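Shown next: work-v6.cif, containing mmCIF, C-alpha atoms and all ligand atoms.
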```
data_data
#
loop_
_atom_site.label_atom_id
_atom_site.label_comp_id
_atom_site.auth_asym_id
_atom_site.auth_seq_id
_atom_site.Cartn_x
_atom_site.Cartn_y
_atom_site.Cartn_z
CA MET A 1 9.06 99.57 180.05
CA PRO A 2 6.55 97.29 178.35
CA SER A 3 8.09 94.07 177.13
CA THR A 4 7.69 93.50 173.41
CA GLY A 5 9.68 90.27 173.37
CA ARG A 6 12.06 92.00 170.97
CA PRO A 7 15.58 93.19 171.66
CA PRO A 8 15.83 96.99 171.70
CA ARG A 9 16.62 98.62 168.36
CA ARG A 10 20.23 99.70 168.03
CA ALA A 11 21.85 102.06 165.53
CA THR A 12 25.19 101.19 163.94
CA PRO A 13 27.34 103.77 162.13
CA ARG A 14 27.05 103.58 158.35
CA ARG A 15 28.97 104.79 155.34
CA TYR A 16 26.90 106.03 152.43
CA ALA A 17 27.65 107.28 148.94
CA MET A 18 25.40 109.95 147.43
CA CYS A 19 25.47 111.94 144.20
CA ARG A 20 24.41 115.60 144.18
CA PRO A 21 21.49 116.30 141.76
CA GLU A 22 23.54 118.87 139.85
CA HIS A 23 22.19 117.65 136.51
CA PHE A 24 18.87 116.31 137.76
CA ALA A 25 16.00 116.53 135.28
CA VAL A 26 13.12 114.44 134.00
CA ALA A 27 14.47 114.20 130.47
CA TYR A 28 12.97 110.81 129.54
CA GLU A 29 10.34 108.47 130.99
CA ILE A 30 11.51 105.04 132.16
CA ASN A 31 9.14 104.55 135.10
CA PRO A 32 5.51 105.60 135.69
CA TRP A 33 6.53 108.43 138.05
CA MET A 34 8.41 110.30 135.34
CA ASP A 35 6.59 112.86 133.21
CA ALA A 36 9.02 114.70 130.96
CA SER A 37 6.50 117.53 130.43
CA VAL A 38 6.66 118.47 134.14
CA ALA A 39 9.19 121.15 135.11
CA VAL A 40 11.81 120.28 137.70
CA ASP A 41 13.08 122.85 140.19
CA ARG A 42 16.73 121.87 140.39
CA ASP A 43 17.55 124.31 143.19
CA LEU A 44 14.80 122.77 145.29
CA ALA A 45 16.08 119.28 144.41
CA LEU A 46 19.57 120.32 145.51
CA ALA A 47 18.26 121.79 148.77
CA GLN A 48 16.18 118.69 149.57
CA TRP A 49 19.13 116.43 148.75
CA GLU A 50 21.37 118.51 151.03
CA THR A 51 18.86 118.09 153.85
CA LEU A 52 19.05 114.32 153.38
CA ARG A 53 22.86 114.39 153.41
CA ARG A 54 22.86 116.44 156.61
CA THR A 55 20.29 114.15 158.16
CA TYR A 56 22.72 111.25 157.74
CA THR A 57 25.74 113.15 159.04
CA GLY A 58 23.61 114.45 161.92
CA LEU A 59 22.85 110.82 162.84
CA GLY A 60 26.60 110.16 162.93
CA HIS A 61 26.94 108.48 159.54
CA GLU A 62 29.63 109.15 156.98
CA VAL A 63 28.59 110.38 153.52
CA ASP A 64 30.88 110.31 150.48
CA VAL A 65 29.82 112.30 147.44
CA VAL A 66 30.21 110.75 143.99
CA PRO A 67 30.85 113.39 141.28
CA ALA A 68 27.79 113.93 139.07
CA LEU A 69 28.25 113.30 135.35
CA PRO A 70 26.80 115.93 133.01
CA GLY A 71 24.12 114.42 130.78
CA GLN A 72 23.09 111.83 133.40
CA PRO A 73 19.98 113.34 135.00
CA ASP A 74 19.21 110.20 137.08
CA MET A 75 22.66 109.83 138.64
CA VAL A 76 21.35 111.31 141.90
CA PHE A 77 19.81 107.85 142.40
CA ALA A 78 23.12 106.46 143.64
CA ALA A 79 21.58 103.27 145.05
CA ASN A 80 21.50 101.98 141.50
CA GLY A 81 25.28 102.27 141.15
CA GLY A 82 26.06 98.83 142.60
CA VAL A 83 25.62 96.60 145.63
CA VAL A 84 28.46 96.35 148.12
CA VAL A 85 29.00 93.54 150.64
CA ARG A 86 32.17 93.24 152.74
CA GLY A 87 34.23 95.42 150.42
CA ARG A 88 33.13 93.65 147.24
CA ALA A 89 30.63 95.00 144.77
CA LEU A 90 28.58 93.82 141.88
CA GLY A 91 28.58 96.82 139.57
CA ALA A 92 25.50 98.09 137.75
CA ARG A 93 24.39 97.37 134.24
CA PHE A 94 21.32 99.44 133.48
CA ALA A 95 18.22 98.18 131.71
CA HIS A 96 17.75 101.47 129.84
CA PRO A 97 20.36 102.99 127.52
CA GLU A 98 19.65 106.44 129.00
CA ARG A 99 21.40 105.40 132.21
CA ALA A 100 24.09 103.13 130.73
CA ALA A 101 26.97 105.57 131.30
CA GLU A 102 26.31 105.63 135.05
CA GLY A 103 27.46 102.02 135.46
CA PRO A 104 31.16 102.57 134.68
CA ALA A 105 31.11 105.93 136.48
CA PHE A 106 29.91 104.41 139.75
CA ALA A 107 32.25 101.43 139.30
CA ALA A 108 35.26 103.72 138.86
CA TRP A 109 34.29 105.73 141.91
CA LEU A 110 33.80 102.58 144.01
CA ARG A 111 37.22 101.27 142.97
CA GLY A 112 38.72 104.59 144.05
CA ALA A 113 37.01 104.08 147.41
CA GLY A 114 38.78 100.72 147.79
CA VAL A 115 35.92 98.45 146.77
CA ALA A 116 36.63 95.41 144.55
CA VAL A 117 34.06 95.82 141.76
CA HIS A 118 32.94 92.92 139.60
CA GLU A 119 32.02 94.01 136.06
CA PRO A 120 28.39 92.86 135.63
CA GLU A 121 27.48 90.48 132.83
CA HIS A 122 23.73 90.80 133.28
CA VAL A 123 21.32 93.68 133.72
CA GLY A 124 21.33 94.60 137.38
CA GLU A 125 20.55 97.95 138.98
CA GLY A 126 22.50 97.77 142.22
CA GLU A 127 20.72 98.44 145.48
CA GLY A 128 17.61 99.40 143.55
CA ASP A 129 16.97 95.65 143.27
CA PHE A 130 19.49 94.08 145.69
CA LEU A 131 18.74 94.72 149.34
CA VAL A 132 21.06 93.40 152.03
CA VAL A 133 19.16 92.08 155.07
CA GLY A 134 21.65 90.69 157.56
CA GLU A 135 23.40 87.75 155.94
CA ARG A 136 21.04 87.49 153.00
CA VAL A 137 20.29 89.58 149.96
CA LEU A 138 16.73 90.03 148.70
CA ALA A 139 16.74 90.50 144.95
CA GLY A 140 14.01 92.02 142.81
CA THR A 141 13.18 91.23 139.22
CA GLY A 142 10.30 91.89 136.86
CA PHE A 143 11.07 95.37 135.59
CA ARG A 144 14.82 96.01 135.69
CA THR A 145 17.27 93.49 137.17
CA ALA A 146 17.46 90.16 135.28
CA PRO A 147 17.16 86.84 137.16
CA ALA A 148 20.61 85.91 135.81
CA ALA A 149 22.02 88.85 137.77
CA HIS A 150 20.67 87.29 140.98
CA GLU A 151 22.90 84.26 140.39
CA GLU A 152 25.75 86.55 139.48
CA ALA A 153 25.32 88.43 142.76
CA ALA A 154 25.28 85.20 144.78
CA ARG A 155 28.49 84.07 143.09
CA VAL A 156 30.34 87.39 143.22
CA LEU A 157 29.28 88.47 146.70
CA GLY A 158 29.22 85.01 148.29
CA VAL A 159 25.81 85.51 149.86
CA GLU A 160 22.43 83.82 149.85
CA VAL A 161 20.22 85.60 147.30
CA VAL A 162 16.44 85.33 147.53
CA PRO A 163 14.64 86.24 144.29
CA LEU A 164 11.40 88.23 144.49
CA ARG A 165 9.17 89.11 141.55
CA LEU A 166 7.72 92.61 141.28
CA VAL A 167 4.40 92.96 139.44
CA ASP A 168 3.23 96.59 139.94
CA PRO A 169 4.97 99.08 137.59
CA ARG A 170 4.85 101.83 140.26
CA TYR A 171 7.18 99.62 142.29
CA TYR A 172 9.66 98.88 139.55
CA HIS A 173 12.67 98.49 141.84
CA LEU A 174 12.67 96.33 144.98
CA ASP A 175 13.66 99.37 147.05
CA THR A 176 10.36 101.05 146.17
CA ALA A 177 8.39 98.07 147.53
CA LEU A 178 10.42 96.88 150.51
CA ALA A 179 12.48 98.63 153.17
CA VAL A 180 15.20 96.98 155.25
CA LEU A 181 14.67 98.03 158.87
CA ALA A 182 17.17 95.79 160.67
CA ASP A 183 19.18 92.62 160.04
CA ASP A 184 16.03 90.56 160.66
CA ASP A 185 13.25 93.02 159.97
CA VAL A 186 11.69 94.47 156.84
CA ALA A 187 8.64 96.47 155.77
CA TYR A 188 6.87 95.94 152.45
CA VAL A 189 3.73 96.48 150.43
CA ALA A 190 2.29 93.06 149.60
CA GLY A 191 0.61 94.14 146.35
CA ALA A 192 3.97 94.85 144.73
CA PHE A 193 4.85 91.12 144.63
CA ASP A 194 3.55 88.02 142.91
CA ALA A 195 1.92 85.30 145.04
CA GLU A 196 5.03 83.14 145.31
CA SER A 197 7.19 86.06 146.42
CA ARG A 198 4.57 87.12 148.98
CA ALA A 199 4.67 83.59 150.39
CA THR A 200 8.47 83.75 150.54
CA LEU A 201 8.37 87.05 152.42
CA GLU A 202 5.75 85.72 154.86
CA ARG A 203 7.94 82.69 155.55
CA LEU A 204 11.19 84.64 156.02
CA TYR A 205 9.72 87.62 157.89
CA PRO A 206 6.47 86.58 159.61
CA ASP A 207 6.55 89.76 161.74
CA ALA A 208 7.29 92.17 158.91
CA LEU A 209 5.65 95.57 158.88
CA LEU A 210 3.01 95.50 156.16
CA VAL A 211 2.64 98.95 154.67
CA GLU A 212 -0.63 100.14 153.13
CA ASP A 213 -0.78 101.32 149.57
CA ALA A 214 -1.36 104.96 150.61
CA ASP A 215 2.12 105.10 152.16
CA ALA A 216 3.78 102.91 149.53
CA ALA A 217 2.33 105.15 146.80
CA VAL A 218 4.31 108.12 148.15
CA LEU A 219 7.41 105.86 148.08
CA GLY A 220 7.34 105.50 151.86
CA LEU A 221 9.20 102.21 151.57
CA ASN A 222 12.10 103.93 149.86
CA ALA A 223 13.62 104.36 153.30
CA VAL A 224 17.06 103.96 154.91
CA SER A 225 17.50 102.47 158.39
CA ASP A 226 20.59 102.38 160.58
CA GLY A 227 18.92 99.81 162.81
CA LEU A 228 17.18 102.45 164.94
CA HIS A 229 16.56 105.62 162.90
CA VAL A 230 14.51 105.14 159.76
CA VAL A 231 14.90 108.02 157.33
CA LEU A 232 11.78 108.00 155.16
CA PRO A 233 9.73 110.22 152.85
CA ALA A 234 7.76 112.71 154.96
CA ALA A 235 4.46 111.95 153.24
CA ALA A 236 4.45 108.38 154.60
CA THR A 237 2.83 109.36 157.89
CA ALA A 238 1.07 106.12 158.81
CA MET A 239 4.26 104.16 158.16
CA ALA A 240 6.15 106.56 160.44
CA ALA A 241 3.63 105.92 163.23
CA ASP A 242 3.92 102.16 162.74
CA LEU A 243 7.73 102.37 162.87
CA ASP A 244 7.52 104.31 166.11
CA ALA A 245 5.26 101.61 167.57
CA ARG A 246 7.88 98.98 166.64
CA GLY A 247 10.62 100.79 168.52
CA TYR A 248 12.20 102.64 165.61
CA VAL A 249 12.72 106.37 165.38
CA PRO A 250 11.18 107.66 162.14
CA VAL A 251 13.10 110.56 160.60
CA PRO A 252 10.91 112.15 157.91
CA VAL A 253 12.58 113.99 155.03
CA ASP A 254 10.85 115.77 152.14
CA LEU A 255 12.29 114.80 148.74
CA SER A 256 9.23 115.82 146.69
CA GLU A 257 11.31 117.18 143.82
CA LEU A 258 13.25 113.94 143.38
CA LEU A 259 10.00 111.98 143.45
CA LYS A 260 9.40 113.41 139.96
CA GLY A 261 12.20 111.09 138.83
CA GLY A 262 10.60 108.15 140.62
CA GLY A 263 12.95 108.04 143.57
CA SER A 264 13.27 109.08 147.19
CA VAL A 265 15.46 108.53 150.25
CA LYS A 266 16.82 105.05 149.53
CA CYS A 267 17.28 105.66 145.80
CA CYS A 268 19.62 108.53 146.69
CA THR A 269 21.70 106.36 149.02
CA LEU A 270 24.22 103.61 148.29
CA GLU A 271 25.56 101.87 151.37
CA LEU A 272 29.23 100.91 151.50
CA ARG A 273 29.73 97.85 153.66
N1 LIG B 301 14.51 107.62 137.24
C1 LIG B 301 15.23 106.55 137.83
C2 LIG B 301 14.99 105.27 137.07
O1 LIG B 301 13.86 105.05 136.68
C3 LIG B 301 14.87 106.40 139.27
C4 LIG B 301 15.70 105.38 139.97
C5 LIG B 301 15.29 105.20 141.39
N2 LIG B 301 16.22 104.42 142.10
C6 LIG B 301 15.93 103.43 142.92
N3 LIG B 301 16.89 102.90 143.61
N4 LIG B 301 14.72 102.96 143.01
O2 LIG B 301 15.87 104.48 136.85
#
```
Show me this structure written as structure tokens.
Ligand code: ARG
Amino acid sequence: MPSTGRPPRRATPRRYAMCRPEHFAVAYEINPWMDASVAVDRDLALAQWETLRRTYTGLGHEVDVVPALPGQPDMVFAANGGVVVRGRALGARFAHPERAAEGPAFAAWLRGAGVAVHEPEHVGEGEGDFLVVGERVLAGTGFRTAPAAHEEAARVLGVEVVPLRLVDPRYYHLDTALAVLADDDVAYVAGAFDAESRATLERLYPDALLVEDADAAVLGLNAVSDGLHVVLPAAATAMAADLDARGYVPVPVDLSELLKGGGSVKCCTLELR
């Protein structure tokens, strides 16, 4: 075996929460991907979502399903429901009133699952903008999550929080611009960040996988890794090849219907830690 100087990639079993797109629609426009005049095929969305759920269970992960609230067409994007570290969560407070009701719904569900949920004081959209990388949390701001929520997360979760500023409206949540691959490894699209944040990422992750705009623009970075398998949008083909070269196993999944809402694999997945 060729030596890469890197330890072999290793999968660890995960527990995810997902929310079936029973009420999925593009009913309003709160990110540049959403066009309310475009029809959504809900049956196709449900089928694609089910494929994602089965992909996780097939990889040996546990998936809990959060009941979908009628009238909340974006609730399928469960990542936004909070951020959980060691059984504690910072709940979500949404930037847009259209999604406000999801915050308490996810919080109630998390409490039922045994998670201690802190009621958020500041606008924060869960794992959309808070990504756990090993012992640290990378936190996005610029479009949704407020900087004050970064401090709140550090306090509530007892972790180091590294703020990153997003500048491209297509990448409005951190999880559309950066993927966590392992406890010490990330992938990102540099153009999504301001110069200071790019410098921070280069310092923290000098060997990060830099993804080209062509793959980022199909939300390729909206991926979920268990440390070995990286479940990612099928259209991100160059990124999949790069992951393979780094010792990961890319697992492509087609979520084209959910992309109409501006989300993909990671947006549909909240990790319970
Ligand atoms: N339509 C949703 C919104 O704009 C999509 C959320 C995607 N979620 C994510 N984790 N990036 O809020």
Checklist entry - Which residues come within 7 Å of region 159-164 of chain A, counting only C-alpha atoms, excluding same-chain residues fewer than 2 positions away, as a list in words? => result Glu135, Arg136, Val137, Leu138, Ala139, Gly140, Thr141, His150, Ala154, Leu157, Leu166 and Ser197 of chain A
Checklist entry - Which residues form the shell of 9 Å around ligand LIG 301 (chain B) when you count only C-alpha atoms and all ligand atoms, given as a ChimeraX atom specification? => result /A:26,28-34,73-81,94-96,98-99,125-129,144,171-176,222,258-270
Next on the checklist: Just the number, please: distance in Å from CA of Asp185 (chain A) to CA of Cys19 (chain A), one decimal.
Outcome noted: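 According to the coordinates, CA of Asp185 (chain A) and CA of Cys19 (chain A) are separated by 27.5 Å.
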Item to check | One-decimal distance in Å that lies between CA of Ala177 (chain A) and CA of Ala199 (chain A) | outcome: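 Between these atoms lies a distance of 15.2 Å.
CA of Arg165 (chain A) lies 18.8 Å from CA of Arg93 (chain A).
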Next on the checklist: Quick one: residues within 9 Å of Pro252 (chain A), all atoms listed in the file, excluding same-chain residues fewer than 2 positions away - as a PyMOL selection string?
Outcome noted: chain A and resi 230-237+240+250+254
Output of the above residues as a PDB file, in the frame of the given file, restricted to C-alpha atoms:
```pdb
ATOM      1  CA  VAL A 230      14.510 105.140 159.760  1.00  0.00           C
ATOM      2  CA  VAL A 231      14.900 108.020 157.330  1.00  0.00           C
ATOM      3  CA  LEU A 232      11.780 108.000 155.160  1.00  0.00           C
ATOM      4  CA  PRO A 233       9.730 110.220 152.850  1.00  0.00           C
ATOM      5  CA  ALA A 234       7.760 112.710 154.960  1.00  0.00           C
ATOM      6  CA  ALA A 235       4.460 111.950 153.240  1.00  0.00           C
ATOM      7  CA  ALA A 236       4.450 108.380 154.600  1.00  0.00           C
ATOM      8  CA  THR A 237       2.830 109.360 157.890  1.00  0.00           C
ATOM      9  CA  ALA A 240       6.150 106.560 160.440  1.00  0.00           C
ATOM     10  CA  PRO A 250      11.180 107.660 162.140  1.00  0.00           C
ATOM     11  CA  ASP A 254      10.850 115.770 152.140  1.00  0.00           C
TER      12      ASP A 254
END
```
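Residues with any atom within 9 Å of Val66 (chain A), counting only C-alpha atoms and excluding same-chain neighbours fewer than 4 positions away, are Ala17, Met18, Cys19, Arg20, Ala78, Ala105, Phe106, Trp109 and Leu110 of chain A.
The nearest approach to Ala179 (chain A) among the residues A:Val224, A:Val218, A:Ala100, A:Val167, with all atoms listed in the file taken into account, belongs to A:Val224.
Counting only C-alpha atoms and comparing A:Glu121, A:Glu50, A:Glu152, A:Asp183, the residue that lies closest to Tyr205 (chain A) is A:Asp183.
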Report as AutoDock Vina command-line options the centre and the edge lengths, in Å to one decimal, of the axis-aligned box holding every listed atom of region 192-207 of chain A, padded by 3 Å on each side.
```
--center_x 6.6 --center_y 88.8 --center_z 152.3 --size_x 15.3 --size_y 18.2 --size_z 24.8
```
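Among the candidates A:Asp184, A:Arg15, A:Ala238, A:Asp41, the one nearest to Ala113 (chain A) when counting only C-alpha atoms is A:Arg15.
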Checklist entry - Leaving out Ala108 (chain A) and any residue of its chain fewer than 3 positions from it, which residues lie within 12 Å of it when counting only C-alpha atoms, given as a PyMOL selection string? => result chain A and resi 66-67+81-82+89+91-92+101-105+111-119
Next on the checklist: I'd like the neighbourhood of Arg273 (chain A) as a list in words, where a residue qualifies if any of its atoms comes within 8 Å (using all atoms listed in the file), though same-chain residues fewer than 2 positions away should be ignored.
Outcome noted: Arg14, Arg15, Val84, Val85, Arg86, Gly87 and Glu271 of chain A
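If you measure from each of A:Val132, A:Arg155, A:Ala146, A:Leu219 to Arg170 (chain A) using all atoms listed in the file, the closest one turns out to be A:Leu219.
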